[in-house]
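Source file: model.txt. Holds: compact mmCIF, N, CA and C atoms.
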```txt
# COMPACT_ATOMS: atom_id res chain seq x y z
N MET Z 16 7.09 -20.30 -14.30
CA MET Z 16 6.64 -19.89 -12.98
C MET Z 16 7.40 -20.64 -11.90
N ASN Z 17 7.69 -21.92 -12.16
CA ASN Z 17 8.45 -22.69 -11.18
C ASN Z 17 9.85 -22.12 -11.00
N ALA Z 18 10.44 -21.61 -12.08
CA ALA Z 18 11.77 -21.02 -11.99
C ALA Z 18 11.75 -19.79 -11.08
N PHE Z 19 10.67 -19.02 -11.17
CA PHE Z 19 10.53 -17.84 -10.31
C PHE Z 19 10.50 -18.24 -8.84
N TRP Z 20 9.67 -19.22 -8.50
CA TRP Z 20 9.56 -19.65 -7.10
C TRP Z 20 10.85 -20.28 -6.60
N ARG Z 21 11.54 -20.98 -7.48
CA ARG Z 21 12.82 -21.58 -7.10
C ARG Z 21 13.85 -20.49 -6.79
N ALA Z 22 13.91 -19.48 -7.65
CA ALA Z 22 14.85 -18.38 -7.43
C ALA Z 22 14.47 -17.58 -6.19
N LEU Z 23 13.18 -17.39 -5.98
CA LEU Z 23 12.72 -16.65 -4.80
C LEU Z 23 13.05 -17.40 -3.52
N SER Z 24 12.89 -18.71 -3.52
CA SER Z 24 13.14 -19.49 -2.31
C SER Z 24 14.62 -19.51 -1.94
N LYS Z 25 15.51 -19.24 -2.89
CA LYS Z 25 16.94 -19.20 -2.60
C LYS Z 25 17.40 -17.83 -2.10
N ASN Z 26 16.60 -16.81 -2.31
CA ASN Z 26 16.96 -15.45 -1.92
C ASN Z 26 16.41 -15.16 -0.52
N ARG Z 27 17.26 -15.19 0.49
CA ARG Z 27 16.81 -15.02 1.87
C ARG Z 27 16.28 -13.61 2.14
N LEU Z 28 16.87 -12.59 1.52
CA LEU Z 28 16.38 -11.23 1.72
C LEU Z 28 14.97 -11.05 1.16
N ALA Z 29 14.72 -11.64 0.00
CA ALA Z 29 13.39 -11.56 -0.60
C ALA Z 29 12.37 -12.28 0.27
N LEU Z 30 12.74 -13.43 0.80
CA LEU Z 30 11.84 -14.17 1.69
C LEU Z 30 11.56 -13.38 2.96
N GLY Z 31 12.60 -12.77 3.53
CA GLY Z 31 12.42 -11.97 4.74
C GLY Z 31 11.53 -10.77 4.49
N GLY Z 32 11.77 -10.06 3.39
CA GLY Z 32 10.94 -8.91 3.04
C GLY Z 32 9.50 -9.31 2.77
N GLY Z 33 9.33 -10.42 2.06
CA GLY Z 33 7.98 -10.91 1.79
C GLY Z 33 7.26 -11.30 3.07
N ALA Z 34 7.98 -11.90 4.01
CA ALA Z 34 7.38 -12.28 5.29
C ALA Z 34 6.94 -11.05 6.08
N VAL Z 35 7.75 -10.00 6.05
CA VAL Z 35 7.39 -8.77 6.76
C VAL Z 35 6.16 -8.13 6.12
N VAL Z 36 6.14 -8.03 4.80
CA VAL Z 36 5.00 -7.43 4.11
C VAL Z 36 3.73 -8.25 4.34
N LEU Z 37 3.84 -9.57 4.26
CA LEU Z 37 2.69 -10.44 4.49
C LEU Z 37 2.18 -10.31 5.92
N THR Z 38 3.09 -10.25 6.89
CA THR Z 38 2.69 -10.09 8.28
C THR Z 38 1.97 -8.77 8.50
N LEU Z 39 2.49 -7.69 7.94
CA LEU Z 39 1.83 -6.39 8.08
C LEU Z 39 0.46 -6.38 7.42
N ALA Z 40 0.34 -7.01 6.26
CA ALA Z 40 -0.95 -7.07 5.57
C ALA Z 40 -1.96 -7.87 6.37
N VAL Z 41 -1.54 -9.00 6.93
CA VAL Z 41 -2.45 -9.82 7.74
C VAL Z 41 -2.87 -9.06 9.00
N MET Z 42 -1.91 -8.38 9.63
CA MET Z 42 -2.23 -7.60 10.83
C MET Z 42 -3.20 -6.47 10.50
N ALA Z 43 -3.03 -5.84 9.35
CA ALA Z 43 -3.92 -4.76 8.96
C ALA Z 43 -5.33 -5.28 8.71
N VAL Z 44 -5.43 -6.40 8.03
CA VAL Z 44 -6.76 -6.97 7.74
C VAL Z 44 -7.43 -7.43 9.03
N ALA Z 45 -6.64 -7.97 9.95
CA ALA Z 45 -7.19 -8.49 11.21
C ALA Z 45 -7.15 -7.44 12.32
N ALA Z 46 -7.05 -6.17 11.99
CA ALA Z 46 -6.93 -5.11 12.99
C ALA Z 46 -8.03 -5.14 14.05
N PRO Z 47 -9.29 -5.36 13.71
CA PRO Z 47 -10.31 -5.40 14.76
C PRO Z 47 -10.08 -6.53 15.77
N LEU Z 48 -9.42 -7.59 15.34
CA LEU Z 48 -9.18 -8.72 16.24
C LEU Z 48 -7.91 -8.56 17.06
N VAL Z 49 -6.89 -7.90 16.52
CA VAL Z 49 -5.59 -7.85 17.19
C VAL Z 49 -5.27 -6.50 17.82
N ALA Z 50 -6.01 -5.45 17.49
CA ALA Z 50 -5.72 -4.14 18.08
C ALA Z 50 -6.04 -4.17 19.57
N PRO Z 51 -5.10 -3.76 20.41
CA PRO Z 51 -5.31 -3.87 21.85
C PRO Z 51 -6.30 -2.85 22.41
N HIS Z 52 -6.50 -1.71 21.73
CA HIS Z 52 -7.38 -0.66 22.23
C HIS Z 52 -8.20 -0.08 21.08
N ASP Z 53 -9.25 0.65 21.43
CA ASP Z 53 -10.04 1.36 20.43
C ASP Z 53 -9.18 2.51 19.89
N PRO Z 54 -8.99 2.58 18.57
CA PRO Z 54 -8.08 3.61 18.02
C PRO Z 54 -8.63 5.03 18.11
N HIS Z 55 -9.92 5.19 18.36
CA HIS Z 55 -10.52 6.52 18.38
C HIS Z 55 -10.85 7.00 19.79
N LYS Z 56 -10.69 6.14 20.78
CA LYS Z 56 -11.06 6.49 22.15
C LYS Z 56 -9.91 7.22 22.85
N PRO Z 57 -10.12 8.49 23.19
CA PRO Z 57 -9.06 9.22 23.90
C PRO Z 57 -9.03 8.85 25.38
N ASP Z 58 -7.84 8.88 25.93
CA ASP Z 58 -7.64 8.65 27.36
C ASP Z 58 -6.79 9.81 27.87
N THR Z 59 -7.44 10.82 28.45
CA THR Z 59 -6.74 12.04 28.84
C THR Z 59 -5.74 11.82 29.96
N LYS Z 60 -5.81 10.69 30.64
CA LYS Z 60 -4.85 10.40 31.71
C LYS Z 60 -3.54 9.86 31.15
N ARG Z 61 -3.54 9.45 29.88
CA ARG Z 61 -2.35 8.82 29.30
C ARG Z 61 -1.86 9.58 28.06
N ILE Z 62 -1.84 10.88 28.12
CA ILE Z 62 -1.40 11.70 26.99
C ILE Z 62 0.12 11.60 26.82
N LEU Z 63 0.56 11.36 25.58
CA LEU Z 63 1.98 11.26 25.22
C LEU Z 63 2.76 10.32 26.14
N GLU Z 64 2.16 9.20 26.43
CA GLU Z 64 2.82 8.20 27.26
C GLU Z 64 3.87 7.45 26.44
N ALA Z 65 4.97 7.13 27.05
CA ALA Z 65 6.04 6.38 26.37
C ALA Z 65 5.60 4.93 26.16
N PRO Z 66 6.26 4.22 25.26
CA PRO Z 66 5.92 2.80 25.08
C PRO Z 66 6.02 2.04 26.40
N SER Z 67 5.02 1.17 26.62
CA SER Z 67 4.97 0.39 27.85
C SER Z 67 4.28 -0.93 27.55
N SER Z 68 4.10 -1.74 28.58
CA SER Z 68 3.42 -3.02 28.37
C SER Z 68 1.94 -2.81 28.06
N ARG Z 69 1.37 -1.70 28.49
CA ARG Z 69 -0.04 -1.40 28.21
C ARG Z 69 -0.21 -0.82 26.80
N HIS Z 70 0.69 0.07 26.42
CA HIS Z 70 0.66 0.70 25.09
C HIS Z 70 2.02 0.46 24.44
N TRP Z 71 2.12 -0.53 23.58
CA TRP Z 71 3.39 -0.97 23.02
C TRP Z 71 4.13 0.12 22.27
N LEU Z 72 3.41 0.99 21.58
CA LEU Z 72 4.05 2.09 20.85
C LEU Z 72 3.75 3.44 21.48
N GLY Z 73 3.19 3.44 22.67
CA GLY Z 73 2.88 4.67 23.38
C GLY Z 73 1.53 5.23 22.97
N THR Z 74 1.29 6.48 23.38
CA THR Z 74 0.04 7.16 23.06
C THR Z 74 0.35 8.49 22.40
N ASP Z 75 -0.65 9.04 21.72
CA ASP Z 75 -0.46 10.32 21.04
C ASP Z 75 -0.88 11.48 21.94
N GLN Z 76 -0.98 12.68 21.37
CA GLN Z 76 -1.28 13.88 22.15
C GLN Z 76 -2.70 13.92 22.69
N VAL Z 77 -3.55 13.01 22.27
CA VAL Z 77 -4.92 12.94 22.78
C VAL Z 77 -5.07 11.75 23.72
N GLY Z 78 -4.06 10.89 23.78
CA GLY Z 78 -4.11 9.72 24.65
C GLY Z 78 -4.58 8.46 23.95
N ARG Z 79 -4.62 8.47 22.62
CA ARG Z 79 -5.04 7.28 21.87
C ARG Z 79 -3.84 6.36 21.65
N ASP Z 80 -4.10 5.07 21.61
CA ASP Z 80 -3.05 4.07 21.43
C ASP Z 80 -2.49 4.14 20.01
N VAL Z 81 -1.18 4.31 19.89
CA VAL Z 81 -0.54 4.48 18.59
C VAL Z 81 -0.56 3.17 17.79
N LEU Z 82 -0.33 2.04 18.43
CA LEU Z 82 -0.35 0.75 17.73
C LEU Z 82 -1.72 0.48 17.11
N SER Z 83 -2.78 0.72 17.87
CA SER Z 83 -4.13 0.49 17.35
C SER Z 83 -4.42 1.42 16.17
N ARG Z 84 -4.00 2.67 16.29
CA ARG Z 84 -4.23 3.62 15.20
C ARG Z 84 -3.43 3.23 13.96
N MET Z 85 -2.22 2.72 14.17
CA MET Z 85 -1.39 2.30 13.05
C MET Z 85 -2.00 1.09 12.34
N LEU Z 86 -2.52 0.13 13.10
CA LEU Z 86 -3.14 -1.05 12.49
C LEU Z 86 -4.38 -0.67 11.69
N TYR Z 87 -5.22 0.18 12.25
CA TYR Z 87 -6.42 0.60 11.53
C TYR Z 87 -6.06 1.49 10.33
N GLY Z 88 -5.02 2.31 10.47
CA GLY Z 88 -4.57 3.14 9.35
C GLY Z 88 -4.01 2.31 8.21
N ALA Z 89 -3.37 1.20 8.54
CA ALA Z 89 -2.83 0.31 7.51
C ALA Z 89 -3.96 -0.29 6.67
N ARG Z 90 -5.11 -0.50 7.28
CA ARG Z 90 -6.26 -1.02 6.52
C ARG Z 90 -6.66 -0.04 5.44
N VAL Z 91 -6.71 1.23 5.79
CA VAL Z 91 -7.08 2.26 4.82
C VAL Z 91 -6.03 2.34 3.72
N SER Z 92 -4.75 2.30 4.10
CA SER Z 92 -3.67 2.37 3.11
C SER Z 92 -3.73 1.20 2.14
N LEU Z 93 -3.97 -0.01 2.66
CA LEU Z 93 -4.08 -1.18 1.79
C LEU Z 93 -5.27 -1.05 0.84
N ALA Z 94 -6.39 -0.56 1.36
CA ALA Z 94 -7.58 -0.40 0.51
C ALA Z 94 -7.31 0.60 -0.61
N VAL Z 95 -6.68 1.72 -0.28
CA VAL Z 95 -6.35 2.73 -1.29
C VAL Z 95 -5.42 2.13 -2.34
N GLY Z 96 -4.43 1.38 -1.90
CA GLY Z 96 -3.50 0.75 -2.83
C GLY Z 96 -4.18 -0.23 -3.77
N PHE Z 97 -5.04 -1.10 -3.23
CA PHE Z 97 -5.72 -2.08 -4.06
C PHE Z 97 -6.68 -1.41 -5.04
N VAL Z 98 -7.40 -0.39 -4.60
CA VAL Z 98 -8.32 0.32 -5.49
C VAL Z 98 -7.54 1.03 -6.60
N SER Z 99 -6.42 1.65 -6.25
CA SER Z 99 -5.59 2.34 -7.25
C SER Z 99 -5.06 1.37 -8.30
N VAL Z 100 -4.58 0.22 -7.85
CA VAL Z 100 -4.08 -0.79 -8.79
C VAL Z 100 -5.21 -1.30 -9.67
N GLY Z 101 -6.38 -1.50 -9.10
CA GLY Z 101 -7.53 -1.96 -9.89
C GLY Z 101 -7.93 -0.96 -10.97
N ILE Z 102 -7.98 0.31 -10.60
CA ILE Z 102 -8.34 1.35 -11.57
C ILE Z 102 -7.29 1.45 -12.66
N ALA Z 103 -6.01 1.44 -12.28
CA ALA Z 103 -4.94 1.53 -13.27
C ALA Z 103 -4.95 0.32 -14.21
N THR Z 104 -5.24 -0.85 -13.66
CA THR Z 104 -5.31 -2.05 -14.49
C THR Z 104 -6.46 -1.96 -15.48
N ALA Z 105 -7.62 -1.51 -15.02
CA ALA Z 105 -8.78 -1.39 -15.91
C ALA Z 105 -8.51 -0.39 -17.03
N ILE Z 106 -7.91 0.75 -16.68
CA ILE Z 106 -7.60 1.75 -17.71
C ILE Z 106 -6.57 1.20 -18.69
N GLY Z 107 -5.56 0.52 -18.18
CA GLY Z 107 -4.52 -0.05 -19.04
C GLY Z 107 -5.07 -1.10 -19.99
N ILE Z 108 -5.95 -1.95 -19.48
CA ILE Z 108 -6.55 -2.98 -20.33
C ILE Z 108 -7.41 -2.34 -21.42
N ALA Z 109 -8.19 -1.33 -21.03
CA ALA Z 109 -9.07 -0.67 -22.01
C ALA Z 109 -8.25 0.04 -23.10
N LEU Z 110 -7.23 0.79 -22.69
CA LEU Z 110 -6.42 1.50 -23.68
C LEU Z 110 -5.62 0.53 -24.54
N GLY Z 111 -5.05 -0.50 -23.93
CA GLY Z 111 -4.28 -1.49 -24.70
C GLY Z 111 -5.15 -2.25 -25.68
N SER Z 112 -6.36 -2.59 -25.25
CA SER Z 112 -7.27 -3.30 -26.15
C SER Z 112 -7.69 -2.43 -27.32
N ALA Z 113 -7.99 -1.16 -27.03
CA ALA Z 113 -8.38 -0.24 -28.11
C ALA Z 113 -7.23 -0.04 -29.09
N ALA Z 114 -6.02 0.13 -28.56
CA ALA Z 114 -4.86 0.33 -29.43
C ALA Z 114 -4.57 -0.92 -30.25
N GLY Z 115 -4.69 -2.07 -29.65
CA GLY Z 115 -4.42 -3.32 -30.37
C GLY Z 115 -5.48 -3.65 -31.40
N TYR Z 116 -6.74 -3.37 -31.09
CA TYR Z 116 -7.83 -3.72 -32.00
C TYR Z 116 -7.88 -2.76 -33.19
N HIS Z 117 -7.81 -1.46 -32.91
CA HIS Z 117 -7.96 -0.48 -33.99
C HIS Z 117 -6.65 -0.20 -34.72
N GLY Z 118 -5.54 -0.20 -33.99
CA GLY Z 118 -4.24 0.05 -34.63
C GLY Z 118 -4.15 1.45 -35.21
N GLY Z 119 -3.15 1.67 -36.03
CA GLY Z 119 -2.99 2.93 -36.77
C GLY Z 119 -3.01 4.17 -35.90
N THR Z 120 -3.98 5.04 -36.19
CA THR Z 120 -4.08 6.33 -35.51
C THR Z 120 -4.39 6.17 -34.03
N VAL Z 121 -5.28 5.24 -33.70
CA VAL Z 121 -5.63 5.01 -32.29
C VAL Z 121 -4.41 4.52 -31.53
N ASP Z 122 -3.66 3.62 -32.13
CA ASP Z 122 -2.45 3.10 -31.50
C ASP Z 122 -1.44 4.22 -31.27
N ALA Z 123 -1.26 5.07 -32.26
CA ALA Z 123 -0.32 6.19 -32.14
C ALA Z 123 -0.77 7.16 -31.05
N ALA Z 124 -2.09 7.43 -30.99
CA ALA Z 124 -2.61 8.35 -29.97
C ALA Z 124 -2.42 7.78 -28.56
N VAL Z 125 -2.69 6.49 -28.41
CA VAL Z 125 -2.50 5.85 -27.10
C VAL Z 125 -1.03 5.86 -26.71
N MET Z 126 -0.15 5.62 -27.66
CA MET Z 126 1.28 5.63 -27.37
C MET Z 126 1.75 7.03 -26.97
N ARG Z 127 1.22 8.08 -27.62
CA ARG Z 127 1.59 9.44 -27.22
C ARG Z 127 1.07 9.74 -25.82
N LEU Z 128 -0.11 9.23 -25.49
CA LEU Z 128 -0.66 9.41 -24.14
C LEU Z 128 0.23 8.71 -23.10
N VAL Z 129 0.67 7.52 -23.42
CA VAL Z 129 1.57 6.78 -22.51
C VAL Z 129 2.89 7.52 -22.38
N ASP Z 130 3.43 8.02 -23.49
CA ASP Z 130 4.67 8.79 -23.43
C ASP Z 130 4.51 10.03 -22.56
N LEU Z 131 3.36 10.69 -22.66
CA LEU Z 131 3.09 11.86 -21.84
C LEU Z 131 3.06 11.49 -20.36
N MET Z 132 2.45 10.38 -20.03
CA MET Z 132 2.40 9.93 -18.63
C MET Z 132 3.80 9.58 -18.11
N LEU Z 133 4.63 9.01 -18.96
CA LEU Z 133 5.98 8.64 -18.54
C LEU Z 133 6.87 9.87 -18.34
N VAL Z 134 6.54 10.99 -19.00
CA VAL Z 134 7.34 12.21 -18.88
C VAL Z 134 7.08 12.92 -17.55
N PHE Z 135 5.89 12.81 -17.00
CA PHE Z 135 5.52 13.60 -15.83
C PHE Z 135 6.45 13.44 -14.64
N PRO Z 136 6.84 12.25 -14.21
CA PRO Z 136 7.74 12.18 -13.04
C PRO Z 136 9.05 12.92 -13.27
N ARG Z 137 9.64 12.78 -14.44
CA ARG Z 137 10.90 13.47 -14.73
C ARG Z 137 10.69 14.98 -14.83
N PHE Z 138 9.54 15.39 -15.36
CA PHE Z 138 9.24 16.81 -15.49
C PHE Z 138 9.19 17.47 -14.12
N PHE Z 139 8.51 16.85 -13.17
CA PHE Z 139 8.41 17.43 -11.84
C PHE Z 139 9.74 17.38 -11.10
N LEU Z 140 10.57 16.39 -11.37
CA LEU Z 140 11.90 16.35 -10.77
C LEU Z 140 12.77 17.48 -11.31
N LEU Z 141 12.59 17.82 -12.58
CA LEU Z 141 13.37 18.90 -13.17
C LEU Z 141 12.97 20.26 -12.62
N LEU Z 142 11.72 20.41 -12.22
CA LEU Z 142 11.28 21.69 -11.65
C LEU Z 142 11.96 21.89 -10.33
```
Now, as a test, write the supplied structure out as C-alpha cells.
Amino acid sequence: MNAFWRALSKNRLALGGGAVVLTLAVMAVAAPLVAPHDPHKPDTKRILEAPSSRHWLGTDQVGRDVLSRMLYGARVSLAVGFVSVGIATAIGIALGSAAGYHGGTVDAAVMRLVDLMLVFPRFFLLL
C-alpha cells in the first residue's frame, strides 16, 4: 500500500485529477452550505442571464441559478453512484462466495453468468 501512495504522490496529473474530483465531491456534499441561491426558485426577471457576479454560471430558461442546480444535481449523481457500487459489491460478494464454497456446477454457472455480463457491452457496440 505504501508503494501505491509513493507512486501516486510522484504523479502530478493523478494528484491534480484527484484534487478536482475531491473538490467536486466536497462541494456536492456541502451544497446546502455553499450554493449561492435556491436551485428550485425561479426568477422570471433573470431568464437566460449570462454568467455574472450574481450568477457565476448564469441562469436557465426559468431563471434558476445554474451553479446551484449543478451543485444539488451532483449530490444526486454521487448518491446514485455510491448506491450502484454498493449493490454491485453485494451481488459480487454473494455470487463469489457461492461459487467458491460450492464449486463445481455452481462455480461453472456463476462463471457463465459473468461471461454473459462481460459480453453485453461488446454486443451493443456491434449492433
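For the pair atom C of Leu82 in chain Z and atom N of Ser99 in chain Z, the interatomic distance is 23.9 Å.
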From chain Z, collect each residue whose DSSP state is helix (DSSP H, G or I) and return the set as a PyMOL selection string. chain Z and resi 17-25+27-44+46-49+59-61+81-117+119-141
Point-to-point distance in Å for atom C of Gly32 in chain Z and atom C of His70 in chain Z: 24.9 Å
Find the residue from Z:Ala29, Z:Val49, Z:Phe97, Z:Arg79 that sits nearest to Ile62 in chain Z; use all atoms listed in the file when measuring.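 Ranking Z:Ala29, Z:Val49, Z:Phe97, Z:Arg79 by distance to Ile62 in chain Z, first place goes to Z:Arg79.
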Name the residues in contact with Arg90 in chain Z at a cut-off of 7 Å, using only N, CA and C atoms, excluding same-chain residues fewer than 4 positions from it; report them as a ChimeraX atom specification. /Z:43-44,85-86,94-95
Selected residues written out with N, CA and C atoms, as a PDB file, keeping the file's coordinate frame:
```
ATOM      1  N   ALA Z  43      -3.030  -5.840   9.350  1.00  0.00           N
ATOM      2  CA  ALA Z  43      -3.920  -4.760   8.960  1.00  0.00           C
ATOM      3  C   ALA Z  43      -5.330  -5.280   8.710  1.00  0.00           C
ATOM      4  N   VAL Z  44      -5.430  -6.400   8.030  1.00  0.00           N
ATOM      5  CA  VAL Z  44      -6.760  -6.970   7.740  1.00  0.00           C
ATOM      6  C   VAL Z  44      -7.430  -7.430   9.030  1.00  0.00           C
ATOM      7  N   MET Z  85      -2.220   2.720  14.170  1.00  0.00           N
ATOM      8  CA  MET Z  85      -1.390   2.300  13.050  1.00  0.00           C
ATOM      9  C   MET Z  85      -2.000   1.090  12.340  1.00  0.00           C
ATOM     10  N   LEU Z  86      -2.520   0.130  13.100  1.00  0.00           N
ATOM     11  CA  LEU Z  86      -3.140  -1.050  12.490  1.00  0.00           C
ATOM     12  C   LEU Z  86      -4.380  -0.670  11.690  1.00  0.00           C
ATOM     13  N   ALA Z  94      -6.390  -0.560   1.360  1.00  0.00           N
ATOM     14  CA  ALA Z  94      -7.580  -0.400   0.510  1.00  0.00           C
ATOM     15  C   ALA Z  94      -7.310   0.600  -0.610  1.00  0.00           C
ATOM     16  N   VAL Z  95      -6.680   1.720  -0.280  1.00  0.00           N
ATOM     17  CA  VAL Z  95      -6.350   2.730  -1.290  1.00  0.00           C
ATOM     18  C   VAL Z  95      -5.420   2.130  -2.340  1.00  0.00           C
TER      19      VAL Z  95
END
```
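One distance worth recording is that between CA of Pro47 in chain Z and CA of Ser83 in chain Z, which is 8.9 Å.
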Show me the residues close to (-8.4, -0.4, 21.0) - anything with an atom within 8 Å, counting all atoms listed in the file - and format the list as a ChimeraX atom specification. /Z:49-56,80,82-84
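Remark: for Tyr87 in chain Z, the closest of the candidate residues Z:Ala103, Z:Ala40, Z:Asp75, Z:Ala114 is Z:Ala40 (distances computed over only C-alpha atoms).
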